[in-house]
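Shown here: upload.txt, compact mmCIF, C-alpha atoms and all ligand atoms.
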# COMPACT_ATOMS: atom_id res chain seq x y z
CA MET A 13 -13.83 -5.29 6.77
CA LEU A 14 -12.23 -8.64 7.56
CA PRO A 15 -11.79 -9.63 11.21
CA PRO A 16 -8.21 -10.10 12.49
CA LEU A 17 -6.66 -13.55 12.06
CA THR A 18 -6.70 -14.35 15.76
CA ALA A 19 -6.81 -18.11 15.17
CA HIS A 20 -3.54 -18.03 13.23
CA ALA A 21 -0.28 -17.53 15.08
CA PRO A 22 2.89 -16.58 13.22
CA PRO A 23 5.56 -19.32 13.01
CA ALA A 24 7.33 -20.29 16.23
CA ARG A 25 10.80 -19.96 14.71
CA GLY A 26 12.39 -17.34 12.47
CA LEU A 27 10.91 -13.99 11.63
CA PHE A 28 8.50 -13.56 8.74
CA VAL A 29 7.97 -10.06 7.36
CA ALA A 30 5.72 -9.25 4.40
CA PHE A 31 6.07 -6.03 2.40
CA GLU A 32 2.78 -4.96 0.89
CA GLY A 33 1.46 -2.02 -1.07
CA GLY A 34 0.45 -1.05 -4.57
CA ASP A 35 2.59 -1.30 -7.69
CA GLY A 36 5.52 1.08 -7.34
CA ALA A 37 4.95 1.71 -3.61
CA GLY A 38 8.55 0.79 -2.79
CA LYS A 39 8.22 -2.80 -1.57
CA SER A 40 11.30 -4.14 -3.33
CA THR A 41 13.35 -1.12 -2.24
CA GLN A 42 12.40 -1.65 1.40
CA ALA A 43 12.93 -5.41 1.30
CA ARG A 44 16.43 -4.77 -0.06
CA LEU A 45 17.35 -2.03 2.46
CA VAL A 46 16.03 -4.00 5.44
CA ALA A 47 17.84 -7.15 4.23
CA GLN A 48 21.11 -5.23 3.97
CA ALA A 49 20.70 -3.77 7.46
CA LEU A 50 19.90 -7.14 9.05
CA GLN A 51 22.70 -8.91 7.19
CA GLY A 52 25.01 -6.14 8.40
CA ARG A 53 24.09 -7.24 11.91
CA GLY A 54 25.11 -10.78 11.09
CA LEU A 55 21.63 -12.22 10.70
CA ARG A 56 20.67 -14.83 8.12
CA VAL A 57 18.08 -13.30 5.81
CA VAL A 58 16.13 -14.77 2.91
CA THR A 59 14.62 -12.19 0.56
CA THR A 60 11.92 -13.54 -1.70
CA ARG A 61 8.80 -12.46 -3.55
CA GLU A 62 5.35 -13.38 -4.79
CA PRO A 63 4.45 -14.25 -7.36
CA GLY A 64 7.61 -15.82 -8.69
CA GLY A 65 9.81 -16.77 -5.74
CA THR A 66 10.31 -20.29 -7.13
CA THR A 67 10.82 -21.87 -10.56
CA VAL A 68 7.18 -22.94 -10.62
CA GLY A 69 6.23 -19.45 -9.42
CA ALA A 70 8.20 -17.77 -12.20
CA ALA A 71 6.04 -19.62 -14.74
CA ILE A 72 2.86 -18.62 -12.88
CA ARG A 73 4.08 -15.02 -12.67
CA GLU A 74 4.54 -14.94 -16.42
CA VAL A 75 0.94 -16.06 -16.98
CA LEU A 76 -0.42 -13.64 -14.39
CA LEU A 77 1.49 -10.51 -15.26
CA HIS A 78 2.56 -10.83 -18.87
CA GLY A 79 -0.13 -12.97 -20.44
CA GLU A 80 -3.62 -12.36 -21.74
CA HIS A 81 -6.82 -11.76 -19.77
CA VAL A 82 -7.25 -14.10 -16.81
CA ALA A 83 -10.72 -14.55 -15.28
CA PRO A 84 -10.77 -13.14 -11.71
CA ARG A 85 -11.26 -16.51 -10.01
CA ALA A 86 -8.53 -18.08 -12.11
CA GLU A 87 -6.33 -15.14 -11.18
CA ALA A 88 -7.04 -15.73 -7.48
CA LEU A 89 -6.28 -19.44 -7.82
CA LEU A 90 -3.04 -18.85 -9.71
CA PHE A 91 -1.78 -16.43 -7.05
CA ALA A 92 -2.78 -18.98 -4.42
CA ALA A 93 -1.01 -21.78 -6.31
CA ASP A 94 2.16 -19.71 -6.47
CA ARG A 95 1.84 -18.98 -2.74
CA ALA A 96 1.24 -22.63 -1.82
CA HIS A 97 4.42 -23.74 -3.57
CA HIS A 98 6.43 -20.77 -2.30
CA ALA A 99 5.32 -21.26 1.30
CA ALA A 100 6.03 -24.98 1.25
CA THR A 101 9.39 -24.91 -0.52
CA VAL A 102 10.95 -21.55 0.40
CA VAL A 103 9.30 -19.68 3.27
CA ARG A 104 8.53 -22.46 5.73
CA PRO A 105 11.91 -24.22 5.37
CA ALA A 106 13.77 -20.92 5.84
CA LEU A 107 11.72 -20.05 8.93
CA ALA A 108 12.20 -23.54 10.36
CA ALA A 109 15.95 -22.94 10.03
CA GLY A 110 15.53 -19.72 12.02
CA ALA A 111 16.03 -17.23 9.18
CA VAL A 112 14.48 -13.82 8.75
CA VAL A 113 12.26 -14.08 5.67
CA LEU A 114 11.47 -10.82 3.89
CA CYS A 115 8.71 -11.42 1.39
CA ASP A 116 7.87 -8.89 -1.32
CA ARG A 117 4.05 -9.31 -1.40
CA PHE A 118 2.11 -12.05 0.38
CA MET A 119 -1.47 -12.94 1.30
CA ASP A 120 -2.72 -9.36 1.67
CA SER A 121 -1.96 -8.62 -1.97
CA SER A 122 -4.54 -11.26 -2.89
CA VAL A 123 -7.17 -9.72 -0.62
CA ALA A 124 -6.41 -6.21 -1.93
CA TYR A 125 -6.21 -7.05 -5.66
CA GLN A 126 -8.61 -9.96 -6.14
CA GLY A 127 -10.87 -8.99 -3.23
CA ALA A 128 -11.03 -5.20 -2.88
CA ALA A 129 -10.16 -4.30 -6.47
CA ARG A 130 -11.64 -7.20 -8.51
CA GLY A 131 -14.65 -7.64 -6.27
CA LEU A 132 -14.27 -11.24 -5.11
CA ALA A 133 -15.35 -11.95 -1.53
CA HIS A 134 -12.50 -10.85 0.75
CA ALA A 135 -13.05 -13.63 3.27
CA GLU A 136 -12.97 -16.31 0.55
CA VAL A 137 -9.80 -14.93 -0.99
CA ARG A 138 -8.08 -14.86 2.38
CA GLN A 139 -9.32 -18.35 3.22
CA LEU A 140 -7.94 -19.63 -0.08
CA SER A 141 -4.55 -18.25 0.84
CA LEU A 142 -4.67 -19.73 4.33
CA TRP A 143 -5.56 -23.10 2.84
CA ALA A 144 -2.73 -22.77 0.33
CA THR A 145 -0.14 -22.07 3.01
CA GLU A 146 -1.58 -24.21 5.82
CA GLY A 147 -2.20 -21.07 7.83
CA LEU A 148 1.09 -19.25 7.39
CA VAL A 149 0.85 -15.64 8.59
CA PRO A 150 3.64 -13.05 8.94
CA HIS A 151 4.91 -11.70 12.25
CA LEU A 152 4.73 -8.24 10.72
CA THR A 153 3.16 -6.89 7.55
CA VAL A 154 4.57 -3.58 6.36
CA VAL A 155 2.10 -1.62 4.23
CA LEU A 156 3.75 1.00 2.06
CA ASP A 157 0.97 3.46 1.48
CA VAL A 158 0.97 5.88 -1.43
CA ASP A 159 -1.81 7.33 -3.56
CA ALA A 160 -2.31 5.60 -6.89
CA ALA A 161 -1.37 8.59 -9.04
CA SER A 162 1.98 9.08 -7.28
CA ALA A 163 2.70 5.37 -7.58
CA VAL A 164 2.11 5.47 -11.35
CA ALA A 165 4.61 8.32 -11.63
CA ARG A 166 7.21 6.14 -9.90
CA ARG A 167 6.79 3.13 -12.14
CA GLY A 168 9.33 3.43 -14.90
CA LYS A 169 9.21 0.23 -16.86
CA GLU A 170 6.58 -1.06 -19.29
CA PRO A 171 3.43 -1.69 -17.17
CA ASP A 172 2.38 -5.30 -16.58
CA ARG A 173 -1.19 -6.63 -16.85
CA LEU A 174 -2.22 -5.47 -13.37
CA GLU A 175 -0.35 -2.18 -13.54
CA ARG A 176 -2.36 -1.34 -16.67
CA GLU A 177 -5.58 -1.33 -14.62
CA SER A 178 -7.27 2.05 -13.94
CA LEU A 179 -6.36 4.53 -11.20
CA ASP A 180 -9.67 3.61 -9.63
CA PHE A 181 -8.63 -0.05 -9.47
CA HIS A 182 -5.38 0.95 -7.80
CA GLU A 183 -7.18 3.18 -5.29
CA ARG A 184 -9.34 0.18 -4.35
CA VAL A 185 -6.14 -1.86 -3.91
CA ARG A 186 -4.80 0.84 -1.61
CA ALA A 187 -8.02 0.96 0.42
CA GLY A 188 -7.92 -2.85 0.66
CA PHE A 189 -4.47 -2.82 2.27
CA LEU A 190 -5.41 -0.03 4.67
CA ALA A 191 -8.58 -1.83 5.76
CA LEU A 192 -6.62 -4.99 6.58
CA ALA A 193 -4.10 -2.99 8.61
CA GLU A 194 -6.80 -1.06 10.43
CA ALA A 195 -8.57 -4.25 11.48
CA ASP A 196 -5.45 -5.78 13.05
CA PRO A 197 -3.04 -2.96 14.04
CA GLY A 198 -0.83 -5.20 16.19
CA ARG A 199 0.42 -7.12 13.16
CA TYR A 200 0.83 -4.18 10.78
CA LEU A 201 3.10 -1.24 10.23
CA VAL A 202 1.61 1.30 7.84
CA LEU A 203 4.14 3.75 6.44
CA GLU A 204 3.70 6.84 4.32
CA ALA A 205 5.65 5.60 1.31
CA THR A 206 6.67 9.04 0.05
CA ARG A 207 9.13 9.39 2.93
CA PRO A 208 12.79 8.88 2.07
CA PRO A 209 13.61 5.17 1.61
CA ARG A 210 16.22 5.08 4.40
CA GLN A 211 13.81 6.60 6.90
CA LEU A 212 11.23 3.98 5.99
CA ALA A 213 13.74 1.18 6.45
CA GLU A 214 14.66 2.59 9.87
CA ALA A 215 10.98 2.49 10.86
CA VAL A 216 10.70 -1.16 9.77
CA LEU A 217 13.84 -2.07 11.71
CA ALA A 218 12.53 -0.29 14.80
CA ALA A 219 9.31 -2.30 14.60
CA LEU A 220 11.29 -5.55 14.31
CA GLU A 221 13.77 -4.66 17.04
CA PRO A 222 11.92 -6.36 19.94
CA GLN A 223 12.10 -9.71 18.11
CA LEU A 224 15.63 -9.51 16.72
CA ALA A 225 17.45 -10.56 19.89
CA GLN A 226 15.53 -13.84 20.00
CA VAL A 227 16.09 -14.45 16.29
CA ALA A 228 19.82 -13.81 16.69
CA ALA A 229 19.96 -16.15 19.68
CA ASP A 230 18.13 -18.91 17.75
CA GLN A 231 20.42 -18.47 14.76
CA GLY A 232 23.50 -18.56 17.01
CA ALA A 233 22.27 -21.75 18.63
CA ALA A 234 21.65 -23.35 15.24
CA SER A 235 25.04 -22.48 13.68
N1 LIG B 301 10.46 6.06 -0.49
C1 LIG B 301 10.63 6.34 -1.76
N2 LIG B 301 10.61 7.60 -2.22
C2 LIG B 301 10.76 7.88 -3.53
N3 LIG B 301 10.96 6.95 -4.49
C3 LIG B 301 11.00 5.67 -4.10
C4 LIG B 301 10.84 5.29 -2.72
N4 LIG B 301 10.92 3.94 -2.65
C5 LIG B 301 11.12 3.50 -3.88
N5 LIG B 301 11.18 4.53 -4.76
C6 LIG B 301 11.34 4.44 -6.22
O1 LIG B 301 10.08 4.12 -6.76
C7 LIG B 301 10.22 3.14 -7.78
C8 LIG B 301 9.45 1.87 -7.36
O2 LIG B 301 10.09 1.29 -6.22
P1 LIG B 301 10.08 -0.28 -6.00
O3 LIG B 301 10.53 -0.99 -7.23
O4 LIG B 301 10.81 -0.56 -4.73
O5 LIG B 301 8.52 -0.49 -5.78
P2 LIG B 301 7.70 -1.84 -5.76
O6 LIG B 301 6.63 -1.61 -4.75
O7 LIG B 301 8.59 -2.99 -5.54
O8 LIG B 301 7.10 -1.84 -7.21
P3 LIG B 301 6.49 -3.08 -8.06
O9 LIG B 301 5.13 -3.30 -7.49
O10 LIG B 301 6.44 -2.55 -9.46
O11 LIG B 301 7.41 -4.23 -7.88
C9 LIG B 301 11.71 2.89 -7.95
O12 LIG B 301 12.18 3.73 -8.97
C10 LIG B 301 12.29 3.32 -6.61
O13 LIG B 301 13.60 3.77 -6.71
MG MG B 302 8.89 -4.68 -6.70
Any chance you could put this one into structure tokens?
Amino acid sequence: MLPPLTAHAPPARGLFVAFEGGDGAGKSTQARLVAQALQGRGLRVVTTREPGGTTVGAAIREVLLHGEHVAPRAEALLFAADRAHHAATVVRPALAAGAVVLCDRFMDSSVAYQGAARGLAHAEVRQLSLWATEGLVPHLTVVLDVDAASAVARRGKEPDRLERESLDFHERVRAGFLALAEADPGRYLVLEATRPPRQLAEAVLAALEPQLAQVAADQGAAS
């Protein structure tokens, strides 16, 4: 199990929330519902995703998810390359401007997929991500937890390269996310992803509540 990232503080401005979980866990649904709720309260919100939150990232996403076999270390580097560009050109500028950034997948997906599921060393995969982003860590990581078989049943569209992996692979992904959350409970919110979407979004908002007043004040001061 990896130790908590005690040496890495979340950004001083803005609010950075990562939504993590297996394929079909409900990450995009939650990012959307939480964005709507926060925007309804007048907050500036940037919703983005990895891989593919930038033009460069869209090209990397295509290679990673819709191309041919990619060797595990190349896969890890491509995800890290996407993250480096995304952090530098989208996430950090938005946070510096005081925005709430809701990111559909982030660093923990690399540890869960390339570490826990593919078998690369977890600490190296996480270090690669920290190097890529110059130490960017979320204020809160929401893990949407669902068993692999239920998640498959939810996924409607044609499966991508990673979704085509075995149930066993996806159970290792799930265990990878849960291990990260267990090691650092203060920075995680683990939710049973079979609960109704609106209830889940309420739980995320409740977890963010203590920080929202400061974010709103910063945004008010900046506008
Ligand atoms: N809490 C929930 N309960 C039941 N169904 C849900 C829930 N959340 C999302 N869904 C449904 O499950 C499917 C997958 O949801 P969503 O696209 O949000 O997952 P995802 O984690 O973003 O998936 P992917 O990894 O493929 O991007 C969608 O059809 C969505 O409507
Ligand atoms: Mg999604």
Counting all atoms listed in the file, which protein, DNA or RNA residues come within 8 Å of ligand LIG 301 (chain B), given as an NGL selection string? :A and (32-42 or 116 or 156 or 163 or 166-168 or 175 or 205-210 or 212)
Computed interatomic separation between CA of Ser178 (chain A) and CA of Arg130 (chain A) (Å): 11.6 Å
A:Leu55, A:Ala187, A:Leu220, A:Ala43: which is nearest ligand MG 302 (chain B), counting only C-alpha atoms and all ligand atoms?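 Counting only C-alpha atoms and all ligand atoms, the residue closest to ligand MG 302 (chain B) is A:Ala43.
Distances here use only C-alpha atoms; by that measure, the residue among A:Ala234, A:Val137, A:Leu152, A:Ala160 closest to Ala124 (chain A) is A:Val137.
Atom pair CA of Gly52 (chain A) / CA of Val202 (chain A) has a distance of 24.6 Å (rounded to one decimal).
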Could you pull the residues within 10 Å of Leu17 (chain A), counting all atoms listed in the file, minus those fewer than 6 positions along the same chain, as a list in words? Arg138, Gly147, Val149, Ala195, Asp196 and Arg199 of chain A
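Separating CA of His134 (chain A) from CA of Arg176 (chain A) is a distance of 22.3 Å.
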Might you pull out every residue within 12 Å of region 65-68 of chain A, with all atoms listed in the file counted and same-chain residues fewer than 4 positions away left off, and present them as a list in words?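 In the requested form, the answer reads Val58, Thr59, Thr60, Arg61, Ile72, Arg73, Glu74, Val75, Leu90, Phe91, Ala93, Asp94, Arg95, Ala96, His97, His98, Ala99, Ala100, Thr101, Val102, Val103, Val113, Leu114, Cys115, Asp116, Arg117 and Phe118 of chain A.
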Might you pull out every residue within 8 Å of region 225-231 of chain A, with only C-alpha atoms counted and same-chain residues fewer than 2 positions away left off, and present them as a compact mmCIF listing (two decimals) with C-alpha atoms, keeping the file's coordinate frame?
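Final file, result_35.txt:
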# COMPACT_ATOMS: atom_id res chain seq x y z
CA ARG A 25 10.80 -19.96 14.71
CA GLY A 26 12.39 -17.34 12.47
CA LEU A 27 10.91 -13.99 11.63
CA LEU A 55 21.63 -12.22 10.70
CA ARG A 56 20.67 -14.83 8.12
CA ALA A 109 15.95 -22.94 10.03
CA GLY A 110 15.53 -19.72 12.02
CA ALA A 111 16.03 -17.23 9.18
CA VAL A 112 14.48 -13.82 8.75
CA GLU A 221 13.77 -4.66 17.04
CA PRO A 222 11.92 -6.36 19.94
CA GLN A 223 12.10 -9.71 18.11
CA ALA A 233 22.27 -21.75 18.63
CA ALA A 234 21.65 -23.35 15.24
CA SER A 235 25.04 -22.48 13.68
Given all atoms listed in the file as the basis, pick out the residue of A:Pro197, A:Pro23, A:Gly232, A:Gly64 nearest to ligand MG 302 (chain B).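 Among the listed residues, A:Gly64 lies closest to ligand MG 302 (chain B).
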Quick one: everything within 10 Å of Gly198 (chain A), counting only C-alpha atoms, minus sequence neighbours fewer than 6 positions away in the same chain. Send it as an mmCIF file with C-alpha atoms, keeping the file's coordinate frame.
data_model
loop_
_atom_site.group_PDB
_atom_site.id
_atom_site.type_symbol
_atom_site.label_atom_id
_atom_site.label_comp_id
_atom_site.auth_asym_id
_atom_site.auth_seq_id
_atom_site.Cartn_x
_atom_site.Cartn_y
_atom_site.Cartn_z
ATOM 1 C CA PRO A 16 -8.210 -10.100 12.490
ATOM 2 C CA HIS A 151 4.910 -11.700 12.250
ATOM 3 C CA LEU A 152 4.730 -8.240 10.720
ATOM 4 C CA THR A 153 3.160 -6.890 7.550
#
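Residue nearest ligand MG 302 (chain B) within the list A:Asp172, A:Glu136, A:Glu204, A:Asp180: A:Asp172 [criterion: smallest interatomic distance, all atoms listed in the file].
When all atoms listed in the file are used to measure the gap to Ser141 (chain A), the shortest distance among A:Ala71, A:Val154, A:Val164, A:Ala88 belongs to A:Ala88.
Among the candidates A:Arg85, A:Arg44, A:Arg173, A:Arg53, the residue lying nearest to ligand MG 302 (chain B) is A:Arg44 (atoms considered: all atoms listed in the file).
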Fewer than 3 positions away in the same chain doesn't count, so skip those; otherwise give me all residues within 12 Å of Ala129 (chain A), counting all atoms listed in the file, as an NGL selection string. :A and (34 or 84 or 88 or 121-126 or 132-134 or 137 or 174 or 177-189)
Draw an axis-aligned box over all listed atoms of region 98-101 of chain A, pad each side with 5 Å, and write its centre and edge lengths in Å, one decimal, as lines of an AutoDock Vina configuration file.
center_x = 7.4
center_y = -22.9
center_z = -0.5
size_x = 14.1
size_y = 14.2
size_z = 13.6
